[in-house]
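Engineer: Just so it is clear, I am handing over input_1.csv, which has CSV, C-alpha atoms.
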chain,number,residue,atom,x,y,z
A,80,MET,CA,-85.0,13.5,-0.4
A,81,GLU,CA,-86.3,13.1,3.2
A,82,ALA,CA,-82.8,12.1,4.3
A,83,TYR,CA,-81.5,15.4,3.0
A,84,HIS,CA,-84.2,17.7,4.2
A,85,ILE,CA,-87.8,17.6,5.3
A,86,PRO,CA,-89.8,20.3,3.4
A,87,VAL,CA,-91.6,22.7,5.8
A,88,LEU,CA,-95.2,23.8,5.3
A,89,LEU,CA,-95.2,21.8,2.1
A,90,GLU,CA,-98.9,21.5,1.4
A,91,GLU,CA,-99.7,25.1,2.6
A,92,SER,CA,-96.9,26.8,0.6
A,93,ILE,CA,-97.6,24.9,-2.7
A,94,SER,CA,-101.4,25.1,-2.5
A,95,ALA,CA,-101.0,28.9,-2.0
A,96,LEU,CA,-99.4,29.1,-5.5
A,97,GLU,CA,-102.7,27.9,-7.0
A,98,ILE,CA,-100.7,26.0,-9.6
A,99,LYS,CA,-101.8,25.8,-13.2
A,100,GLU,CA,-100.8,22.7,-15.1
A,101,ASP,CA,-99.3,24.6,-18.0
A,102,GLY,CA,-97.8,27.4,-15.8
A,103,THR,CA,-94.2,28.4,-15.2
A,104,TYR,CA,-93.0,28.6,-11.6
A,105,ILE,CA,-89.9,29.3,-9.6
A,106,ASP,CA,-88.6,27.6,-6.5
A,107,ALA,CA,-86.0,30.1,-5.4
A,108,THR,CA,-84.5,27.9,-2.7
A,109,PHE,CA,-84.2,24.3,-4.0
A,110,GLY,CA,-82.5,22.8,-1.0
A,111,GLY,CA,-83.6,19.2,-0.6
A,112,GLY,CA,-85.9,19.5,-3.5
A,113,GLY,CA,-89.1,18.7,-1.6
A,114,HIS,CA,-91.0,21.8,-2.7
A,115,SER,CA,-89.7,21.5,-6.2
A,116,ARG,CA,-90.8,17.9,-6.5
A,117,GLU,CA,-94.3,18.7,-5.3
A,118,ILE,CA,-94.6,21.6,-7.8
A,119,LEU,CA,-93.5,19.2,-10.6
A,120,ARG,CA,-96.1,16.7,-9.4
A,121,ARG,CA,-98.8,19.2,-9.9
A,122,LEU,CA,-97.6,20.5,-13.3
A,123,GLY,CA,-98.7,19.0,-16.6
A,124,LYS,CA,-96.5,18.2,-19.6
A,125,ARG,CA,-96.3,21.8,-20.7
A,126,GLY,CA,-95.5,23.2,-17.2
A,127,ARG,CA,-92.1,24.5,-16.3
A,128,LEU,CA,-90.2,24.9,-13.1
A,129,ILE,CA,-87.0,26.9,-12.5
A,130,SER,CA,-85.2,26.3,-9.3
A,131,PHE,CA,-82.2,28.1,-7.7
A,132,ASP,CA,-79.6,27.0,-5.2
A,133,ARG,CA,-75.9,28.0,-4.6
A,134,ASP,CA,-75.0,24.8,-2.7
A,135,ALA,CA,-73.4,22.1,-4.8
A,136,ASP,CA,-74.7,19.4,-2.5
A,137,ALA,CA,-78.3,20.6,-3.3
A,138,ILE,CA,-77.5,20.7,-7.0
A,139,ALA,CA,-76.5,17.0,-6.9
A,140,ASN,CA,-79.9,16.2,-5.4
A,141,ALA,CA,-81.9,17.5,-8.4
A,142,PRO,CA,-84.5,15.3,-10.0
A,143,GLU,CA,-84.2,14.3,-13.7
A,144,ASP,CA,-87.2,16.0,-15.4
A,145,GLU,CA,-87.2,17.8,-18.7
A,146,ARG,CA,-89.7,20.4,-17.3
A,147,HIS,CA,-87.1,21.4,-14.7
A,148,ILE,CA,-84.2,23.9,-14.9
A,149,LEU,CA,-81.9,24.1,-11.9
A,150,VAL,CA,-79.8,27.2,-11.7
A,151,HIS,CA,-76.6,26.9,-9.6
A,152,ASN,CA,-76.6,30.4,-8.3
A,153,ASN,CA,-77.8,32.8,-5.6
A,154,PHE,CA,-81.6,33.5,-5.7
A,155,ARG,CA,-80.8,37.2,-5.5
A,156,PHE,CA,-80.3,37.0,-9.3
A,157,VAL,CA,-83.7,35.5,-10.0
A,158,ARG,CA,-84.8,38.3,-12.3
A,159,ASN,CA,-81.5,38.3,-14.3
A,160,PHE,CA,-81.7,34.5,-15.0
A,161,VAL,CA,-85.4,34.6,-15.9
A,162,GLU,CA,-84.7,37.3,-18.4
A,163,TYR,CA,-81.5,35.5,-19.6
A,164,LEU,CA,-83.5,32.3,-20.2
A,165,GLY,CA,-86.1,34.2,-22.2
A,166,ILE,CA,-89.0,33.0,-20.0
A,167,GLY,CA,-90.8,36.3,-19.6
A,168,GLU,CA,-93.2,36.4,-16.7
A,169,VAL,CA,-93.9,33.5,-14.3
A,170,ASP,CA,-97.1,32.3,-12.6
A,171,GLY,CA,-95.7,31.9,-9.1
A,172,ILE,CA,-92.6,32.1,-7.0
A,173,LEU,CA,-91.8,30.1,-3.9
A,174,ALA,CA,-89.0,30.6,-1.4
A,175,ASP,CA,-88.2,28.7,1.8
A,176,LEU,CA,-85.6,30.8,3.5
A,177,GLY,CA,-84.5,28.2,6.0
A,178,VAL,CA,-81.1,26.4,6.1
A,179,SER,CA,-81.6,22.8,5.1
A,180,SER,CA,-81.3,19.9,7.5
A,181,HIS,CA,-78.5,18.6,5.4
A,182,GLN,CA,-76.4,21.7,6.0
A,183,PHE,CA,-77.1,21.7,9.8
A,184,ASP,CA,-76.4,18.0,10.1
A,185,THR,CA,-73.3,17.8,7.9
A,186,SER,CA,-70.7,18.5,10.6
A,187,GLU,CA,-67.9,19.9,8.3
A,188,ARG,CA,-70.2,22.7,7.0
A,189,GLY,CA,-69.8,24.4,10.4
A,190,PHE,CA,-73.4,25.6,10.6
A,191,SER,CA,-74.1,24.0,14.0
A,192,PHE,CA,-72.6,24.5,17.4
A,193,ARG,CA,-73.4,20.8,18.1
A,194,PHE,CA,-70.3,19.6,16.3
A,195,ASP,CA,-66.6,20.3,16.8
A,196,THR,CA,-65.5,21.3,13.3
A,197,GLU,CA,-64.0,24.1,11.4
A,198,LEU,CA,-65.9,27.4,11.3
A,199,ASP,CA,-67.3,27.7,7.8
A,200,MET,CA,-71.0,28.4,7.3
A,201,ARG,CA,-70.7,29.1,3.6
A,202,MET,CA,-73.7,28.2,1.5
A,203,ASN,CA,-71.5,28.3,-1.5
A,204,ARG,CA,-68.1,26.8,-0.6
A,205,ALA,CA,-66.6,28.4,-3.7
A,206,THR,CA,-66.8,31.8,-2.0
A,207,SER,CA,-63.8,33.0,0.0
A,208,ILE,CA,-65.2,34.5,3.2
A,209,SER,CA,-66.1,32.0,5.9
A,210,ALA,CA,-67.2,32.4,9.5
A,211,LYS,CA,-63.6,31.8,10.6
A,212,GLU,CA,-62.4,34.9,8.6
A,213,ILE,CA,-65.1,37.0,10.2
A,214,VAL,CA,-64.5,35.8,13.7
A,215,ASN,CA,-60.8,36.4,13.5
A,216,ASN,CA,-60.6,39.6,11.5
A,217,ARG,CA,-63.5,41.8,12.2
A,218,THR,CA,-63.2,44.5,14.9
A,219,ALA,CA,-65.0,44.2,18.2
A,220,GLU,CA,-67.4,46.9,17.1
A,221,GLU,CA,-68.1,45.1,13.9
A,222,LEU,CA,-68.7,41.8,15.6
A,223,ALA,CA,-71.0,43.4,18.2
A,224,GLY,CA,-73.0,45.0,15.3
A,225,ILE,CA,-73.4,41.6,13.5
A,226,PHE,CA,-74.5,39.8,16.7
A,227,SER,CA,-77.0,42.6,17.6
A,228,LEU,CA,-78.4,43.1,14.1
A,229,TYR,CA,-78.6,39.6,12.8
A,230,GLY,CA,-78.8,37.5,16.0
A,231,GLU,CA,-80.6,40.0,18.3
A,232,VAL,CA,-78.0,39.0,20.9
A,233,GLN,CA,-78.5,40.9,24.2
A,234,LYS,CA,-74.9,40.6,25.3
A,235,SER,CA,-73.5,41.4,21.8
A,236,ARG,CA,-70.7,43.7,23.1
A,237,ALA,CA,-69.6,41.3,25.7
A,238,ALA,CA,-69.6,38.4,23.2
A,239,ALA,CA,-67.5,40.5,20.8
A,240,LYS,CA,-64.9,41.4,23.5
A,241,MET,CA,-64.6,37.7,24.6
A,242,ILE,CA,-63.9,36.6,21.0
A,243,CYS,CA,-61.3,39.4,20.6
A,244,ASP,CA,-59.6,38.4,23.9
A,245,ALA,CA,-59.5,34.7,22.9
A,246,ARG,CA,-58.2,35.3,19.4
A,247,ALA,CA,-55.4,37.5,20.7
A,248,LYS,CA,-54.0,34.4,22.4
A,249,SER,CA,-54.7,32.0,19.5
A,250,PRO,CA,-56.8,32.2,16.3
A,251,ILE,CA,-60.3,30.8,16.6
A,252,SER,CA,-60.6,28.1,14.0
A,253,SER,CA,-63.3,25.7,15.2
A,254,THR,CA,-66.8,25.7,16.5
A,255,ALA,CA,-65.5,24.3,19.8
A,256,GLU,CA,-63.0,27.1,20.2
A,257,LEU,CA,-65.7,29.7,19.5
A,258,ASN,CA,-68.1,28.1,22.0
A,259,ALA,CA,-65.3,28.0,24.6
A,260,ALA,CA,-64.5,31.7,24.0
A,261,LEU,CA,-68.1,32.6,24.8
A,262,SER,CA,-68.7,30.0,27.6
A,263,ARG,CA,-68.8,32.6,30.4
A,264,LEU,CA,-71.9,34.2,28.8
A,265,TYR,CA,-74.1,31.2,29.0
A,266,ASN,CA,-75.0,28.3,31.3
A,267,PRO,CA,-76.6,24.9,30.6
A,268,ASN,CA,-80.1,26.5,30.6
A,269,THR,CA,-79.2,29.3,28.2
A,270,GLU,CA,-76.5,27.6,26.0
A,271,HIS,CA,-78.7,26.5,23.2
A,272,LYS,CA,-80.6,29.8,22.7
A,273,PHE,CA,-77.4,32.0,23.1
A,274,LEU,CA,-75.2,30.0,20.7
A,275,ALA,CA,-78.1,29.6,18.2
A,276,GLN,CA,-78.3,33.4,18.0
A,277,ILE,CA,-74.5,33.8,17.6
A,278,TYR,CA,-74.4,31.2,14.9
A,279,GLN,CA,-77.4,32.6,13.1
A,280,ALA,CA,-75.8,36.1,13.1
A,281,LEU,CA,-72.5,34.7,11.7
A,282,ARG,CA,-74.3,32.6,9.0
A,283,ILE,CA,-76.3,35.6,7.8
A,284,GLU,CA,-73.2,37.8,7.6
A,285,VAL,CA,-71.1,35.1,5.8
A,286,ASN,CA,-73.8,34.5,3.2
A,287,ALA,CA,-75.0,38.1,2.9
A,288,GLU,CA,-78.5,36.7,3.4
A,289,MET,CA,-80.4,39.9,4.1
A,290,ARG,CA,-78.9,41.7,1.1
A,291,ALA,CA,-79.6,38.7,-1.0
A,292,LEU,CA,-83.2,38.5,0.2
A,293,GLU,CA,-83.7,42.2,-0.6
A,294,ASP,CA,-82.4,41.8,-4.1
A,295,PHE,CA,-84.6,38.7,-4.6
A,296,LEU,CA,-87.8,40.4,-3.4
A,297,MET,CA,-87.2,43.5,-5.5
A,298,GLY,CA,-86.6,41.2,-8.5
A,299,CYS,CA,-89.9,39.3,-8.1
A,300,GLY,CA,-92.3,42.0,-9.1
A,301,PRO,CA,-91.1,42.6,-12.6
A,302,ILE,CA,-91.1,38.8,-13.5
A,303,LEU,CA,-94.4,37.8,-11.8
A,304,LYS,CA,-97.6,37.8,-13.9
A,305,SER,CA,-100.6,39.8,-12.9
A,306,GLY,CA,-102.5,37.4,-10.6
A,307,GLY,CA,-99.4,35.4,-9.9
A,308,ARG,CA,-98.6,34.3,-6.4
A,309,LEU,CA,-95.6,34.9,-4.1
A,310,SER,CA,-95.3,32.2,-1.4
A,311,ILE,CA,-92.4,32.7,1.1
A,312,ILE,CA,-91.5,30.8,4.3
A,313,THR,CA,-89.4,32.7,6.9
A,314,TYR,CA,-87.7,31.6,10.1
A,315,HIS,CA,-86.5,34.6,12.0
A,316,SER,CA,-87.9,38.1,12.7
A,317,LEU,CA,-85.5,40.0,10.4
A,318,GLU,CA,-86.4,38.2,7.2
A,319,ASP,CA,-90.0,37.9,8.2
A,320,ARG,CA,-90.2,41.7,8.7
A,321,MET,CA,-88.6,42.3,5.3
A,322,VAL,CA,-91.0,39.9,3.5
A,323,LYS,CA,-94.0,41.5,5.3
A,324,ASN,CA,-92.9,45.0,4.4
A,325,TYR,CA,-92.4,44.0,0.7
A,326,MET,CA,-95.8,42.4,0.4
A,327,LYS,CA,-97.4,45.4,2.1
A,328,SER,CA,-95.7,48.2,0.2
A,329,GLY,CA,-93.7,46.8,-2.7
A,330,ASN,CA,-90.4,47.8,-1.0
A,331,THR,CA,-88.4,46.3,1.8
A,332,SER,CA,-88.6,49.4,4.0
A,333,GLY,CA,-92.4,49.1,4.3
A,334,ASN,CA,-93.0,52.7,3.2
A,335,VAL,CA,-96.5,52.6,1.7
A,336,GLU,CA,-97.1,54.9,-1.3
A,337,LYS,CA,-100.7,56.0,-1.9
A,338,ASP,CA,-102.5,57.7,-4.7
A,339,LEU,CA,-104.6,60.9,-4.4
A,340,TYR,CA,-107.5,58.9,-3.0
A,341,GLY,CA,-105.4,57.2,-0.3
A,342,ASN,CA,-105.2,53.8,-2.1
A,343,ASN,CA,-102.1,51.7,-1.5
A,344,LEU,CA,-100.0,51.6,-4.6
A,345,SER,CA,-98.3,48.4,-3.8
A,346,CYS,CA,-98.4,45.9,-6.7
A,347,TYR,CA,-99.5,43.1,-4.3
A,348,LYS,CA,-102.6,42.1,-2.6
A,349,ILE,CA,-101.9,40.3,0.7
A,350,ILE,CA,-103.5,36.9,0.9
A,351,THR,CA,-102.4,35.9,4.4
A,352,GLY,CA,-103.5,38.6,6.9
A,353,LYS,CA,-101.6,36.7,9.6
A,354,PRO,CA,-98.8,34.2,8.6
A,355,ILE,CA,-99.6,30.5,8.3
A,356,LEU,CA,-97.8,28.5,11.0
A,357,PRO,CA,-97.0,24.8,11.0
A,358,THR,CA,-99.4,22.5,12.9
A,359,GLU,CA,-98.4,20.8,16.1
A,360,GLU,CA,-98.3,17.6,14.2
A,361,GLU,CA,-95.7,19.0,11.8
A,362,ILE,CA,-93.6,20.4,14.6
A,363,SER,CA,-93.6,17.1,16.4
A,364,GLY,CA,-92.3,15.4,13.3
A,365,ASN,CA,-89.8,18.1,12.4
A,366,THR,CA,-88.8,20.4,15.3
A,367,ARG,CA,-86.9,22.7,12.9
A,368,SER,CA,-90.3,23.8,11.5
A,369,ARG,CA,-91.4,25.4,14.8
A,370,SER,CA,-90.3,29.0,13.9
A,371,ALA,CA,-91.5,28.9,10.3
A,372,LYS,CA,-94.0,31.5,9.0
A,373,LEU,CA,-95.6,31.4,5.6
A,374,ARG,CA,-96.7,34.7,4.0
A,375,VAL,CA,-98.5,34.8,0.6
A,376,ALA,CA,-99.3,37.7,-1.7
A,377,GLN,CA,-100.8,38.0,-5.2
A,378,LYS,CA,-99.7,40.5,-7.8
A,379,ARG,CA,-102.5,42.9,-8.7
Mind turning the file's structure into structure tokens?
Structural biologist:
Amino acid sequence: MEAYHIPVLLEESISALEIKEDGTYIDATFGGGGHSREILRRLGKRGRLISFDRDADAIANAPEDERHILVHNNFRFVRNFVEYLGIGEVDGILADLGVSSHQFDTSERGFSFRFDTELDMRMNRATSISAKEIVNNRTAEELAGIFSLYGEVQKSRAAAKMICDARAKSPISSTAELNAALSRLYNPNTEHKFLAQIYQALRIEVNAEMRALEDFLMGCGPILKSGGRLSIITYHSLEDRMVKNYMKSGNTSGNVEKDLYGNNLSCYKIITGKPILPTEEEISGNTRSRSAKLRVAQKR
């Protein structure tokens, strides 16, 4: 499991669920299975865990445990599957929204600019749209919008123009070709940050991550028991803002509805006023945890 992915904020995120031995829990993002295994360790014989992942590599990494159901699908359908399985309400829901180390470190997946490989970035490789299709077929305006919205790239229009100029000469098929097309926009001091933003934006668009997150969050309320906990780890400002809004207001826009007495009508009580961050010790052992934020809420 450690070779596949190191679970982030493991103790903090699992303890926040206040696991009951005979409870039913959801790990919405199975990944390397670290969080799922820890939940199973804390469950008794009558406890149950339902995990979700759309990556076939993650599915192959699942533990053999009769208390565990692993659903090979997008976590945006969490409510549908819980209802389909006849489970009713659950005691807690966990989601770690990061990309697994396995996906970053497997060169042919195309998630990282560190490797010269085909542009892919699909979490589920059975889907048809990859980063290569987006880079070569979207208009300059569309690309600029993706880079600005999902990567917060300051030079989004310039990046889009350079990609369009490069692909007019020859299709951009690999990470190396994409990096070369953008090379005039960064220097050795800014390369890592700039390309990380570009690749993050493309990955989010390829996998429709923000739309999936919104569907997932809106599906949590109806299936979570009163008193049940929602424990979510985010890694960039867009998803963190959406999670924060949802926990505050019960919707992803953050519009708080109040009763006649001015009381917040959100179905959640926020447990973490400020997000829980990884310790310096955790960051030193796993640098990919440095941007992680854990937010926890309890259903009223």
Engineer: Using only C-alpha atoms, which protein or nucleic acid residues come within 12 Å of A:Thr206? Drop anything in the same chain fewer than 3 positions from it, and give the result as a ChimeraX atom specification.
Structural biologist: /A:133-134,152-153,199-203,209-210,212,285-287
Engineer: Write out as a ChimeraX atom specification the residues lying within 6 Å of stretch 104-114 of chain A, counting all atoms listed in the file and excluding same-chain residues fewer than 2 positions away.
Structural biologist: /A:80,83-84,86,116-117,128-132,137,154,169-175
Engineer: Could you work out how far atom CA of A:His151 lies from atom CA of A:Cys299, giving the answer in Å with one decimal?
Structural biologist: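 One can read the atom CA of A:Cys299 to atom CA of A:His151 distance as 18.2 Å.
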Engineer: Using all atoms listed in the file, find the one residue out of A:Lys248, A:Lys124, A:Arg282, A:Arg155 that sits nearest to A:Leu198.
Structural biologist: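 For A:Leu198, the nearest of the given residues is A:Arg282.
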Engineer: Tell me, in Å to one decimal, how far atom CA of A:Lys99 is from atom CA of A:Ile118.
Structural biologist: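 We find that atom CA of A:Lys99 and atom CA of A:Ile118 lie 9.9 Å from each other.
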Engineer: Find the residues near A:Thr218: any atom within 9 Å, counting only C-alpha atoms, skip ones fewer than 5 places away on the same chain, and give them as a ChimeraX atom specification.
Structural biologist: /A:223,239,243
Engineer: In Å to one decimal, how far is atom CA of A:Ser345 from atom CA of A:Ile98?
Structural biologist: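 Distance reported for this atom pair: 23.3 Å.
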Engineer: Need the shell around A:Ser252: protein/DNA/RNA residues with any atom at most 8 Å away, counting all atoms listed in the file. Skip same-chain ones fewer than 3 positions apart. Format as a PyMOL selection string?
Structural biologist: chain A and resi 197-198+211+256-257
Engineer: Mind listing as an mmCIF file with C-alpha atoms, in the frame of the given file all residues within 9 Å of (-91.6, 39.1, -20.1), counting only C-alpha atoms?
Structural biologist:
data_model
loop_
_atom_site.group_PDB
_atom_site.id
_atom_site.type_symbol
_atom_site.label_atom_id
_atom_site.label_comp_id
_atom_site.auth_asym_id
_atom_site.auth_seq_id
_atom_site.Cartn_x
_atom_site.Cartn_y
_atom_site.Cartn_z
ATOM 1 C CA VAL A 161 -85.400 34.600 -15.900
ATOM 2 C CA GLU A 162 -84.700 37.300 -18.400
ATOM 3 C CA GLY A 165 -86.100 34.200 -22.200
ATOM 4 C CA ILE A 166 -89.000 33.000 -20.000
ATOM 5 C CA GLY A 167 -90.800 36.300 -19.600
ATOM 6 C CA GLU A 168 -93.200 36.400 -16.700
ATOM 7 C CA VAL A 169 -93.900 33.500 -14.300
ATOM 8 C CA PRO A 301 -91.100 42.600 -12.600
ATOM 9 C CA ILE A 302 -91.100 38.800 -13.500
ATOM 10 C CA LEU A 303 -94.400 37.800 -11.800
ATOM 11 C CA LYS A 304 -97.600 37.800 -13.900
#
